[in-house]
$ cat run-v1.cif   # mmCIF, C-alpha atoms
data_entry
#
loop_
_atom_site.label_atom_id
_atom_site.label_comp_id
_atom_site.auth_asym_id
_atom_site.auth_seq_id
_atom_site.Cartn_x
_atom_site.Cartn_y
_atom_site.Cartn_z
CA MET A 3 24.00 -24.75 -24.90
CA THR A 4 23.00 -23.52 -21.52
CA LEU A 5 23.24 -19.93 -20.38
CA GLU A 6 25.94 -20.80 -17.87
CA ALA A 7 28.14 -22.39 -20.53
CA LEU A 8 27.76 -19.40 -22.83
CA LEU A 9 28.59 -16.98 -20.04
CA VAL A 10 31.67 -19.03 -19.09
CA VAL A 11 32.87 -18.90 -22.70
CA ALA A 12 32.16 -15.15 -22.83
CA ALA A 13 34.06 -14.61 -19.57
CA ALA A 14 36.97 -16.68 -20.89
CA LEU A 15 37.10 -14.61 -24.08
CA PHE A 16 36.99 -11.40 -22.08
CA GLY A 17 39.68 -12.63 -19.68
CA ILE A 18 41.99 -13.70 -22.49
CA GLY A 19 41.43 -10.31 -24.10
CA VAL A 20 42.29 -8.44 -20.90
CA TYR A 21 45.44 -10.50 -20.47
CA GLY A 22 46.41 -9.95 -24.09
CA ALA A 23 45.80 -6.21 -23.97
CA LEU A 24 47.67 -5.66 -20.71
CA SER A 25 50.59 -8.05 -21.09
CA GLN A 26 51.68 -7.41 -24.66
CA GLN A 27 53.80 -4.55 -25.94
CA THR A 28 53.19 -4.72 -29.67
CA PHE A 29 50.36 -2.65 -31.04
CA VAL A 30 48.86 -5.52 -33.04
CA MET A 31 48.59 -7.79 -30.00
CA ILE A 32 46.97 -5.00 -27.97
CA MET A 33 44.40 -4.51 -30.73
CA MET A 34 43.72 -8.26 -30.82
CA GLY A 35 43.17 -8.25 -27.06
CA LEU A 36 40.68 -5.41 -27.35
CA GLU A 37 38.81 -7.24 -30.11
CA LEU A 38 38.58 -10.37 -27.95
CA MET A 39 37.18 -8.32 -25.08
CA ILE A 40 34.49 -6.86 -27.32
CA ASN A 41 33.64 -10.31 -28.71
CA GLY A 42 33.23 -11.66 -25.17
CA ALA A 43 30.89 -8.81 -24.30
CA ILE A 44 28.85 -9.39 -27.46
CA LEU A 45 28.56 -13.12 -26.74
CA ALA A 46 27.38 -12.43 -23.19
CA ALA A 47 24.83 -9.86 -24.38
CA VAL A 48 23.44 -12.12 -27.10
CA SER A 49 23.21 -15.14 -24.82
CA LEU A 50 21.41 -13.16 -22.11
CA TRP A 51 19.19 -11.62 -24.76
CA SER A 52 18.21 -15.00 -26.20
CA ILE A 53 17.33 -16.41 -22.78
CA ALA A 54 15.34 -13.32 -21.80
CA ALA A 55 13.42 -13.27 -25.09
CA GLY A 56 12.72 -17.00 -25.01
CA GLY A 57 14.50 -17.88 -28.23
CA PRO A 58 16.74 -16.36 -30.84
CA PRO A 59 16.93 -12.60 -30.46
CA LYS A 60 14.66 -10.68 -32.76
CA GLY A 61 16.77 -7.54 -32.54
CA SER A 62 20.02 -9.09 -33.70
CA LEU A 63 20.57 -6.05 -35.90
CA LEU A 64 22.22 -4.45 -32.86
CA VAL A 65 24.87 -7.19 -32.89
CA VAL A 66 25.52 -6.57 -36.59
CA VAL A 67 25.89 -2.85 -35.90
CA ILE A 68 28.32 -3.53 -33.03
CA MET A 69 30.40 -5.85 -35.21
CA THR A 70 30.47 -3.19 -37.94
CA VAL A 71 31.69 -0.63 -35.43
CA MET A 72 34.36 -3.14 -34.35
CA ALA A 73 35.54 -3.50 -37.94
CA VAL A 74 35.74 0.28 -38.36
CA GLU A 75 37.57 0.61 -35.05
CA ALA A 76 40.08 -2.04 -36.10
CA ALA A 77 40.67 -0.35 -39.46
CA ILE A 78 41.25 3.03 -37.83
CA GLY A 79 43.48 1.49 -35.18
CA PHE A 80 45.62 -0.31 -37.71
CA ALA A 81 45.84 2.86 -39.84
CA LEU A 82 47.16 4.70 -36.78
CA ILE A 83 49.64 1.91 -36.10
CA VAL A 84 50.90 2.04 -39.69
CA GLY A 85 51.22 5.84 -39.44
CA ILE A 86 53.22 5.61 -36.23
CA TYR A 87 55.44 2.92 -37.73
CA ARG A 88 56.13 4.96 -40.86
CA ILE A 89 57.02 8.10 -38.94
CA ARG A 90 58.85 6.70 -35.90
CA LYS A 91 59.78 3.15 -36.95
CA ALA A 92 58.25 1.99 -33.68
CA ASP A 93 56.32 -1.26 -33.50
CA MET A 94 56.20 -1.51 -29.73
CA THR A 95 54.64 0.72 -27.11
CA GLU A 96 57.96 1.25 -25.32
CA LYS A 97 59.49 2.93 -28.35
CA VAL A 98 56.80 5.61 -28.55
CA LYS A 99 57.56 8.04 -25.72
CA ARG A 100 55.32 10.83 -26.97
CA LEU A 101 52.88 11.01 -29.82
CA ARG A 102 53.19 14.70 -30.70
CA GLY A 103 55.61 15.70 -33.46
#

$ encode --input "run-v1.cif" --output "structure tokens"
Amino acid sequence: MTLEALLVVAAALFGIGVYGALSQQTFVMIMMGLELMINGAILAAVSLWSIAAGGPPKGSLLVVVIMTVMAVEAAIGFALIVGIYRIRKADMTEKVKRLRG
């Protein structure tokens, strides 16, 4: 694929993620939008990196580290969502007026 095609796909992923994060009210959909935004940024970085290096990136360990951080962030986010749901029975952002006890 060409660099332009990869960047268009990355921009589309990022745009869908922004729309999903800003338009939805459920916590799970907001988290999915954030994950799509991060995936779009990773795709853009890797595609630019491969073109600049003249082939597949040799330092792809950074991408693995970023994806690991994404997985940890998702686990912590979903744990917080489950905690809020158990305490307040709220599954939407409108129902949570304040987060302090």

$ closest_residue --input "run-v1.cif" --among "A:Tyr21, A:Tyr87, A:Phe80, A:Phe16" --to "A:Ile40" --atoms "all atoms listed in the file"
A:Phe16

$ atom_distance --input "run-v1.cif" --atom1 "atom CA of A:Gly85" --atom2 "atom CA of A:Ala73"
18.3 Å

$ residues_around --input "run-v1.cif" --residues "A:Leu50" --least-positions-apart "6" --cutoff "10 Å" --atoms "all atoms listed in the file" --output "tab-separated table (two decimals) with C-alpha atoms, in the frame of the given file"
chain	number	residue	atom	x	y	z
A	5	LEU	CA	23.24	-19.93	-20.38
A	6	GLU	CA	25.94	-20.80	-17.87
A	8	LEU	CA	27.76	-19.40	-22.83
A	9	LEU	CA	28.59	-16.98	-20.04
A	44	ILE	CA	28.85	-9.39	-27.46
A	56	GLY	CA	12.72	-17.00	-25.01
A	59	PRO	CA	16.93	-12.60	-30.46

$ resolve_selection --input "run-v1.cif" --expression "the PyMOL selection byres ((chain A and resi 49) around 12)" --output "MDAnalysis selection string"
chainID A and resid 3:12 42:48 50:59 62 65

$ closest_residue --input "run-v1.cif" --among "A:Ile86, A:Leu63, A:Ile68, A:Ala77" --to "A:Met33" --atoms "all atoms listed in the file"
A:Ala77

$ atom_distance --input "run-v1.cif" --atom1 "atom CA of A:Leu15" --atom2 "atom CA of A:Leu82"
25.2 Å

$ closest_residue --input "run-v1.cif" --among "A:Leu64, A:Gln26, A:Arg88, A:Met72" --to "A:Leu38" --atoms "only C-alpha atoms"
A:Met72

$ residues_near_point --input "run-v1.cif" --point "(44.5, -13.5, -22.8)" --cutoff "9 Å" --atoms "all atoms listed in the file" --output "PyMOL selection string"
chain A and resi 14-25+35+38

$ closest_residue --input "run-v1.cif" --among "A:Ile89, A:Ala76, A:Ile83, A:Val66" --to "A:Phe29" --atoms "only C-alpha atoms"
A:Ile83

$ atom_distance --input "run-v1.cif" --atom1 "atom CA of A:Met31" --atom2 "atom CA of A:Ala13"
19.1 Å

$ closest_residue --input "run-v1.cif" --among "A:Thr70, A:Val84, A:Lys91, A:Gly79" --to "A:Met34" --atoms "all atoms listed in the file"
A:Gly79
